[in-house]
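J.: Here you go, one structure.
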Amino acid sequence: MSRILPFIAALALLTWVGAEAGETGQLDLKGATAEVYKTASGDELFLYLFVPPGHDPAADRRPAAVFFFGGGWNGGSPTQFEQHARYLASRGMVAALADYRVRSRQGTTPRECVADGKSAVRYLRRHAERLGLDPQRIAAGGGSAGGHVAACTGTLPELDDPSDDLSVSSKSNALLLFNPVYDNGPEGGYGHTRLKAYWRDISPAEHIDERTPPAIVFLGEQDDLIPVATAERFQSRMKAAGVRSVLHTYPGQGHGFFNEDKGGAELFLDTLRKLDAFLVELEYLEGRPTDEQLGAASRKQVEGQKPSRSLEEELGYSFSRGVAALTKVTRSWREERECVSCHTNGWGLVAQASIPLASEEREAGRSFAQGYLAQSIAEDARQVGQYGSVEGVVSTAAFLAMSDARGASGLQQVTARGLDRAWELLDESGTWEAWLQCNWPPFESDAEFGPALVLVALGELREIGELRAEDREGAGRLIEYLRGRPPVDLHSMAMRLWAAVHWPDLLTEEQLSSWREKLEKAQAPDGGWSMFALSGPAWKRDGGEEQTKSSEAYPTAFCVYVLRKTEATSSDSSIKAGQRWLRAAQREGGDWFTRSPRRDGKHYISRTATAFALMALAEEL
């Protein structure tokens, strides 16, 4: 009995709550179109398609997502992800629910589950024109064993159904995984005993390479079936391959917590918001969801119930107003000044990937920066004042590299040319000695900011597999330069912490721990950080006045963002306190103010503060 009970408990956990094995056949799902994507084991297997309002297959090509239910490869129902499919359709994607063969209905093995999953992706791609889909933007999602099926579509080179049209690719372009079975190995992998004879062939974790699609993963920290260590190992392999992978873990939560019927509406909506943000990063979706779209996704909404307050109303600030403020100032800067600046539109360009913008505005910002860089590095280019300066070329190349990496566009030609020029300008010392050091902190006051900024940018390219050999060599020179000297102030220390997220050999474990602790200790009781705390004696105000000692937006937003990037769980309370300070500090116009660290009059650093504040707050929405 003691051996049987754990097996029954595990099977119950792995099977979606409320989903019975059911009977094979077509389901009646309101608003969905059912199509048979294959016939196997004597049964028709259906896809249930949800399309966006007003979608005209003849006129446009929408990104798509197909979801696979959980159930231990034994049972389950396509309706598990019905809420997700309806929601994504409301946001502009074509979403599908796939039935596939399982042991309780067809007597099959996990091999057939994977083959069916790959057939479903292949069917959508083969019929993309008829359905109005973009064949290069098909995401696969699923939970538990369904997460395994989804992950296999993005990783396994084999296990296709030989009866399929194998000339059409079955490889998904993105992975949306909920407590997925994506490691079947002997060290903590699920189902190893059952799959032992062929576990390497069917385990997604064994087939990660630079061609693996980007992934987002949701996992409860108390999951009895998928250990956090397994997820971290998968995450590490994805990063080593240069593939974007986002892992969200939830303290105290077990297997299946993301299902609203199990974990509740709050956790369901939190995972849905994060899923939405990830798809925005990949340019599968645009903007932010409305309260109506999120509310409609929840089964807990009762007809006639008083509408819940929006998240922005509850928090007492407006993220969208902040986006509008940043858009306005970055647009005016490029139109009036016709340049890219660290204190103004440079960081605005980086923030674009984290905030909702109309595609035209996002492209306008990128196009302007690309034109500015191209003009600055042209063979006949002449420096006029600071136009075409070393810091202008290098920082713009770095900003564009980060934009390329975050926007899922890959390294663009003009960015690569800008990086080439940066390496030509790099001095033997390992830094750009001609970088303007005119006491305009924090970006133009020392020779350390440039190397740290470029390392961050190269690290983000590295994560998506777009780092060239010459860039890797250049990164080594920058690392050698920074390792050879102590940081000049806490801001410089924080920049190195950020860079070390991508380049672990930049700092020792002792430096990582102690520097992070110093950053946290510099936080004021009100939750913010001050310019004085970041600068020490290095930053000089005209007239000898000390830097501002009260909390301000730029240092607070910058520190919150860097601490988040370090993934330091010890700093969670610091991050949350900093985010509360930022929400309370937003001005009526939507921006965040910071006094110039040099002289009063034109506080351009407020624009950088607004960009970092939006990036620091984006993930919680």
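Ordering of the structure tokens sets the chain letters (A, B, ...), residue numbers begin anew at 1 in every chain, and ligands are numbered from 1 in the order given.
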From a DSSP calculation on the backbone, collect every residue of region 228-468 of chain A in strand (DSSP E) and output the set as a PyMOL selection string.

T.: chain A and resi 245-250

J.: Those selected residues, please, written with all heavy atoms and delivered as an mmCIF file, in the first residue's frame.

T.:
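result_38.cif was written with the following content:
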```
data_model
loop_
_atom_site.group_PDB
_atom_site.id
_atom_site.type_symbol
_atom_site.label_atom_id
_atom_site.label_comp_id
_atom_site.auth_asym_id
_atom_site.auth_seq_id
_atom_site.Cartn_x
_atom_site.Cartn_y
_atom_site.Cartn_z
ATOM 1 N N SER A 245 15.329 32.632 -22.236
ATOM 2 C CA SER A 245 14.482 31.775 -21.418
ATOM 3 C C SER A 245 14.150 32.519 -20.138
ATOM 4 O O SER A 245 15.037 33.020 -19.452
ATOM 5 C CB SER A 245 15.199 30.458 -21.089
ATOM 6 O OG SER A 245 14.361 29.602 -20.341
ATOM 7 N N VAL A 246 12.863 32.613 -19.822
ATOM 8 C CA VAL A 246 12.393 33.341 -18.646
ATOM 9 C C VAL A 246 11.747 32.342 -17.696
ATOM 10 O O VAL A 246 10.845 31.595 -18.090
ATOM 11 C CB VAL A 246 11.377 34.434 -19.036
ATOM 12 C CG1 VAL A 246 10.886 35.173 -17.797
ATOM 13 C CG2 VAL A 246 11.987 35.406 -20.033
ATOM 14 N N LEU A 247 12.209 32.306 -16.453
ATOM 15 C CA LEU A 247 11.654 31.389 -15.452
ATOM 16 C C LEU A 247 10.985 32.192 -14.340
ATOM 17 O O LEU A 247 11.615 33.044 -13.715
ATOM 18 C CB LEU A 247 12.777 30.525 -14.864
ATOM 19 C CG LEU A 247 12.398 29.635 -13.665
ATOM 20 C CD1 LEU A 247 11.342 28.612 -14.057
ATOM 21 C CD2 LEU A 247 13.649 28.945 -13.109
ATOM 22 N N HIS A 248 9.705 31.916 -14.095
ATOM 23 C CA HIS A 248 8.968 32.532 -12.989
ATOM 24 C C HIS A 248 8.613 31.431 -11.987
ATOM 25 O O HIS A 248 7.893 30.493 -12.321
ATOM 26 C CB HIS A 248 7.679 33.199 -13.493
ATOM 27 C CG HIS A 248 7.917 34.381 -14.367
ATOM 28 N ND1 HIS A 248 8.411 35.577 -13.897
ATOM 29 C CD2 HIS A 248 7.721 34.551 -15.706
ATOM 30 C CE1 HIS A 248 8.514 36.439 -14.887
ATOM 31 N NE2 HIS A 248 8.115 35.849 -15.997
ATOM 32 N N THR A 249 9.143 31.546 -10.775
ATOM 33 C CA THR A 249 8.808 30.583 -9.731
ATOM 34 C C THR A 249 7.893 31.245 -8.699
ATOM 35 O O THR A 249 7.976 32.453 -8.467
ATOM 36 C CB THR A 249 10.069 30.048 -9.038
ATOM 37 O OG1 THR A 249 10.798 31.139 -8.468
ATOM 38 C CG2 THR A 249 10.955 29.316 -10.034
ATOM 39 N N TYR A 250 7.047 30.427 -8.069
ATOM 40 C CA TYR A 250 6.037 30.934 -7.147
ATOM 41 C C TYR A 250 6.179 30.232 -5.801
ATOM 42 O O TYR A 250 5.914 29.025 -5.676
ATOM 43 C CB TYR A 250 4.637 30.709 -7.729
ATOM 44 C CG TYR A 250 4.333 31.607 -8.898
ATOM 45 C CD1 TYR A 250 4.890 31.351 -10.150
ATOM 46 C CD2 TYR A 250 3.530 32.728 -8.754
ATOM 47 C CE1 TYR A 250 4.637 32.185 -11.235
ATOM 48 C CE2 TYR A 250 3.267 33.570 -9.826
ATOM 49 C CZ TYR A 250 3.826 33.289 -11.056
ATOM 50 O OH TYR A 250 3.579 34.125 -12.132
#
```

J.: Find the residues near region 448-461 of chain A: any atom within 7 Å, counting only C-alpha atoms, skip ones fewer than 2 places away on the same chain, and give them as a ChimeraX atom specification.

T.: /A:398,401-402,405,431,443,446,463-467,475,478,492,495-496,498-499,502-503

J.: Could the residues of region 186-283 of chain A that have an atom at most 6 Å from region 146-170 of chain A be listed as CSV, each with its closest atom pair and the distance in Å to one decimal, counting only C-alpha atoms and ordered by chain and ascending residue number?

T.:
```
residue,atom,partner,partner_atom,distance
A:Pro204,CA,A:Cys152,CA,5.5
A:His207,CA,A:Thr155,CA,5.6
A:Thr212,CA,A:Thr155,CA,5.8
```

J.: Using only C-alpha atoms, which residue out of A:Ser341, A:Arg233, A:Gly474, A:Asp600 lies closest to Glu428 (chain A)?

T.: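 Ranking A:Ser341, A:Arg233, A:Gly474, A:Asp600 by distance to Glu428 (chain A), first place goes to A:Gly474.
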
J.: Going by DSSP on the backbone, which residues of region 244-366 of chain A come out as helix (DSSP H, G or I)? List them as a PyMOL selection string.

T.: chain A and resi 260-263+265-281+291-297+311-315+319-336+345-354+359-366

J.: Quick one: of A:Ala241, A:Cys339, A:Val102, A:Ala140, who's nearest to Gly71 (chain A), counting only C-alpha atoms?

T.: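 Nearest candidate to Gly71 (chain A) out of A:Ala241, A:Cys339, A:Val102, A:Ala140: A:Val102.
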